[in-house]
Amino acid sequence: MKSDEFELLSRLVKERSRLVLTKDKAYLLESRLLPVARKHGVKGLEELVVAVRAKPDGPVARDIVEAMTTNESLFFRDVKPFDQFRNLVLPKLLLARAARRTIRIWSAACSSGQEPYSLAMILDELQAKIAGWRIEIVATDLSNEILDRARAGVYSQFEVQRGLPVQYLIKHFKQNGDKWHISDKLKSMVTYRTFNLLDSMSVLGQFDIVFCRNVLIYFDQATKGRVLASMAQLLPADGVLYLGGAETVLGVSDRFEPLPGERGIYRPVPPSAPLQLKGAVG
C-alpha cells in the first residue's frame, strides 16, 4: 500500500471513530478492506481510495470505517469479569436497588453480540433471584452491519467453541447445519442500538454497570479521557465500569478509581473529590 493511500484511509478512520492506525497496522487495513472493495465492485485498495476521494461521505467511506472499527468478540471473554459480575457486582446491586428493582447494563462496542449475550445467560441462570426485577441490557456499536449480526444471534461452530461453556450451548442454542442460533429468549433480553462513543452519551440514559472492554486501547490519550469523563456522568456513586485487561484509568482520567481488590473494575470517584481530567481535548 502506498504511503499516501495509507494516510488517507487512516485519517478517515480517525476522523470518524478516533481509532488510531499506525503504519505497522497497514496489514490490518489490507485484510479488512479487501472485502469492502469486493462489495463495491472495485479491484483493490487503490481503487477504494479513488472512490473515497470522489465521495468522502459516501457509502464506501462509511463501510471502510465500519470494517475497521469491528473488533473481535468472544463469549465470556477472559472469564473473570463475568465471574465478578455474577458473584460480586450483581449481588451488591440487587441489595442496593431492592426498592426500585431495576438495573441497567451497557455493553459498549458490543461487536457481534457475544458479550451482551454472555451477560444474558448469567441473568437467565439467576432468574429465580431476579424474578420481578427489570434488568435491561443495552448493547451498542458503531457498525450497523455487525449489529445486524448480533441481533440475528447466529454463530459458527468456531465462534461457539471460543469461551462458551457446553452447558450454555446446549441450553441456549439450536444447531442448524453448520450454524448455531441463539434462543429467542436471550435475544429478547438485549436491546441493540447504533452508537458512536464520540457522540453525546446522555441520549442513552443512566446505567448501573458499563462494560467498555478492549475499546480504549484503540484511542489516543485525549479521546480516552473524553470517553471516560462522559461515562462517569452516566453512573451513580455505586455504579461500576469494566475495562479490558490491558486498559486502565490511571494516568488517563480522575473520574474513576479502581475498585479495591478487584482487577479491571472501576467506580466513579466520590462527588466531593476534586476532579481533574488528564489529556482532555480542549
# chains A, B, ... in the order shown; residues from 1 in each chain; ligands from 1

call {"tool": "select_by_dssp", "arguments": {"residues": "stretch 48-96 of chain A", "states": "alpha helix (DSSP H)", "output": "ChimeraX atom specification"}}
result
/A:48-54,59-68,80-84,90-96

call {"tool": "write_last_selection", "arguments": {"atoms": "C-alpha atoms", "output": "mmCIF file, in the first residue's frame"}}
result
data_model
loop_
_atom_site.group_PDB
_atom_site.id
_atom_site.type_symbol
_atom_site.label_atom_id
_atom_site.label_comp_id
_atom_site.auth_asym_id
_atom_site.auth_seq_id
_atom_site.Cartn_x
_atom_site.Cartn_y
_atom_site.Cartn_z
ATOM 1 C CA LEU A 48 -11.089 2.039 -2.984
ATOM 2 C CA VAL A 49 -9.049 5.149 -2.205
ATOM 3 C CA VAL A 50 -10.148 6.698 -5.519
ATOM 4 C CA ALA A 51 -13.778 6.114 -4.524
ATOM 5 C CA VAL A 52 -13.249 7.754 -1.129
ATOM 6 C CA ARG A 53 -11.602 10.791 -2.713
ATOM 7 C CA ALA A 54 -14.535 11.126 -5.106
ATOM 8 C CA PRO A 59 -21.164 4.551 1.223
ATOM 9 C CA VAL A 60 -17.594 3.389 0.521
ATOM 10 C CA ALA A 61 -16.189 5.656 3.239
ATOM 11 C CA ARG A 62 -18.898 4.510 5.652
ATOM 12 C CA ASP A 63 -18.157 0.841 5.011
ATOM 13 C CA ILE A 64 -14.430 1.415 5.475
ATOM 14 C CA VAL A 65 -14.981 2.906 8.913
ATOM 15 C CA GLU A 66 -17.350 0.097 9.898
ATOM 16 C CA ALA A 67 -14.873 -2.557 8.764
ATOM 17 C CA MET A 68 -12.017 -1.017 10.732
ATOM 18 C CA LYS A 80 -13.096 -13.410 35.378
ATOM 19 C CA PRO A 81 -15.116 -10.265 34.548
ATOM 20 C CA PHE A 82 -18.226 -12.417 34.200
ATOM 21 C CA ASP A 83 -17.484 -14.239 37.459
ATOM 22 C CA GLN A 84 -17.166 -10.832 39.126
ATOM 23 C CA LEU A 90 -24.808 -8.089 40.700
ATOM 24 C CA PRO A 91 -25.463 -9.261 44.311
ATOM 25 C CA LYS A 92 -24.435 -5.832 45.658
ATOM 26 C CA LEU A 93 -26.680 -4.019 43.203
ATOM 27 C CA LEU A 94 -29.611 -6.320 43.956
ATOM 28 C CA LEU A 95 -29.364 -5.236 47.592
ATOM 29 C CA ALA A 96 -28.853 -1.565 46.773
#

call {"tool": "residues_around", "arguments": {"residues": "A:Met201", "least_positions_apart": "6", "cutoff": "10 Å", "atoms": "only C-alpha atoms", "output": "PyMOL selection string"}}
result
chain A and resi 195+227+230-231+233-234

call {"tool": "residues_around", "arguments": {"residues": "A:Val240", "least_positions_apart": "5", "cutoff": "7 Å", "atoms": "only C-alpha atoms", "output": "PyMOL selection string"}}
result
chain A and resi 208-210+265-267

call {"tool": "select_by_dssp", "arguments": {"residues": "stretch 42-146 of chain A", "states": "strand (DSSP E)", "output": "ChimeraX atom specification"}}
result
/A:102-107,134-141

call {"tool": "write_last_selection", "arguments": {"atoms": "N, CA and C atoms", "output": "CSV table (one decimal), in the first residue's frame"}}
result
chain,number,residue,atom,x,y,z
A,102,THR,N,-34.8,-2.2,39.6
A,102,THR,CA,-34.4,-2.0,38.2
A,102,THR,C,-32.8,-1.9,38.2
A,103,ILE,N,-32.2,-2.5,37.1
A,103,ILE,CA,-30.8,-2.3,36.9
A,103,ILE,C,-30.6,-2.2,35.4
A,104,ARG,N,-29.7,-1.3,35.0
A,104,ARG,CA,-29.4,-1.1,33.6
A,104,ARG,C,-28.0,-1.3,33.3
A,105,ILE,N,-27.7,-2.1,32.3
A,105,ILE,CA,-26.3,-2.5,31.9
A,105,ILE,C,-26.1,-2.1,30.5
A,106,TRP,N,-24.9,-1.5,30.3
A,106,TRP,CA,-24.5,-1.1,28.9
A,106,TRP,C,-23.3,-1.9,28.5
A,107,SER,N,-23.4,-2.5,27.3
A,107,SER,CA,-22.3,-3.2,26.7
A,107,SER,C,-21.9,-2.3,25.5
A,134,ARG,N,-36.6,-5.6,36.7
A,134,ARG,CA,-36.4,-5.2,35.3
A,134,ARG,C,-34.9,-4.9,35.1
A,135,ILE,N,-34.3,-5.9,34.5
A,135,ILE,CA,-32.9,-5.7,34.2
A,135,ILE,C,-32.7,-5.6,32.7
A,136,GLU,N,-32.2,-4.4,32.3
A,136,GLU,CA,-32.1,-4.1,30.9
A,136,GLU,C,-30.6,-4.1,30.5
A,137,ILE,N,-30.4,-4.8,29.3
A,137,ILE,CA,-29.1,-4.8,28.7
A,137,ILE,C,-29.1,-4.0,27.4
A,138,VAL,N,-28.4,-2.9,27.3
A,138,VAL,CA,-28.3,-2.1,26.1
A,138,VAL,C,-27.0,-2.3,25.5
A,139,ALA,N,-26.9,-2.8,24.3
A,139,ALA,CA,-25.7,-3.1,23.6
A,139,ALA,C,-25.5,-2.1,22.4
A,140,THR,N,-24.4,-1.5,22.3
A,140,THR,CA,-24.2,-0.5,21.2
A,140,THR,C,-22.9,-0.8,20.4
A,141,ASP,N,-22.9,-0.4,19.2
A,141,ASP,CA,-21.7,-0.4,18.3
A,141,ASP,C,-21.8,0.6,17.2

call {"tool": "residues_around", "arguments": {"residues": "A:Phe6", "least_positions_apart": "6", "cutoff": "9 Å", "atoms": "only C-alpha atoms", "output": "list in words"}}
result
Lys23, Ala26 and Leu29 of chain A

call {"tool": "write_last_selection", "arguments": {"atoms": "N, CA and C atoms", "output": "PDB file, in the first residue's frame"}}
result
ATOM      1  N   LYS A  23       1.470   2.915  11.188  1.00  0.00           N
ATOM      2  CA  LYS A  23       1.902   2.297   9.933  1.00  0.00           C
ATOM      3  C   LYS A  23       2.154   0.802  10.068  1.00  0.00           C
ATOM      4  N   ALA A  26      -0.716  -1.483   8.751  1.00  0.00           N
ATOM      5  CA  ALA A  26      -1.104  -1.475   7.338  1.00  0.00           C
ATOM      6  C   ALA A  26      -1.693  -2.817   6.911  1.00  0.00           C
ATOM      7  N   LEU A  29      -5.370  -2.900   7.627  1.00  0.00           N
ATOM      8  CA  LEU A  29      -6.140  -2.197   6.611  1.00  0.00           C
ATOM      9  C   LEU A  29      -6.382  -3.108   5.411  1.00  0.00           C
TER      10      LEU A  29
END

call {"tool": "residues_around", "arguments": {"residues": "A:Tyr242", "least_positions_apart": "2", "cutoff": "6 Å", "atoms": "only C-alpha atoms", "output": "PDB file with C-alpha atoms, in the first residue's frame"}}
result
ATOM      1  CA  PHE A 211     -18.816  -2.774  30.050  1.00  0.00           C
ATOM      2  CA  CYS A 212     -16.313  -0.979  27.822  1.00  0.00           C
ATOM      3  CA  GLY A 264     -10.448  -4.459  35.737  1.00  0.00           C
ATOM      4  CA  ILE A 265     -13.381  -2.863  37.632  1.00  0.00           C
TER       5      ILE A 265
END

call {"tool": "closest_residue", "arguments": {"among": "A:Leu259, A:Leu169, A:Ala120, A:Ala131", "to": "A:Thr191", "atoms": "only C-alpha atoms"}}
result
A:Ala120

call {"tool": "closest_atom_pairs", "arguments": {"of": "stretch 3-117 of chain A", "to": "stretch 185-189 of chain A", "cutoff": "10 Å", "atoms": "only C-alpha atoms", "output": "tab-separated table"}}
result
residue	atom	partner	partner_atom	distance
A:Gly113	CA	A:Lys187	CA	9.7
A:Pro116	CA	A:Met189	CA	8.9
A:Tyr117	CA	A:Leu186	CA	6.7

call {"tool": "write_last_selection", "arguments": {"atoms": "N, CA and C atoms", "output": "PDB file, in the first residue's frame"}}
result
ATOM      1  N   GLY A 113     -22.110  -9.365  19.474  1.00  0.00           N
ATOM      2  CA  GLY A 113     -23.087  -9.727  20.496  1.00  0.00           C
ATOM      3  C   GLY A 113     -22.673 -10.725  21.556  1.00  0.00           C
ATOM      4  N   PRO A 116     -22.903  -9.088  25.399  1.00  0.00           N
ATOM      5  CA  PRO A 116     -24.238  -8.945  25.993  1.00  0.00           C
ATOM      6  C   PRO A 116     -24.987 -10.262  26.141  1.00  0.00           C
ATOM      7  N   TYR A 117     -24.798 -11.193  25.195  1.00  0.00           N
ATOM      8  CA  TYR A 117     -25.462 -12.491  25.333  1.00  0.00           C
ATOM      9  C   TYR A 117     -24.859 -13.304  26.485  1.00  0.00           C
TER      10      TYR A 117
END

call {"tool": "closest_residue", "arguments": {"among": "A:Val160, A:Leu147, A:Ala128, A:Leu33", "to": "A:His172", "atoms": "only C-alpha atoms"}}
result
A:Val160

call {"tool": "atom_distance", "arguments": {"atom1": "atom CA of A:Ala99", "atom2": "atom CA of A:Gly132"}}
result
11.7 Å

call {"tool": "closest_residue", "arguments": {"among": "A:Leu12, A:Glu262, A:Pro270, A:Thr223", "to": "A:Asp199", "atoms": "only C-alpha atoms"}}
result
A:Thr223
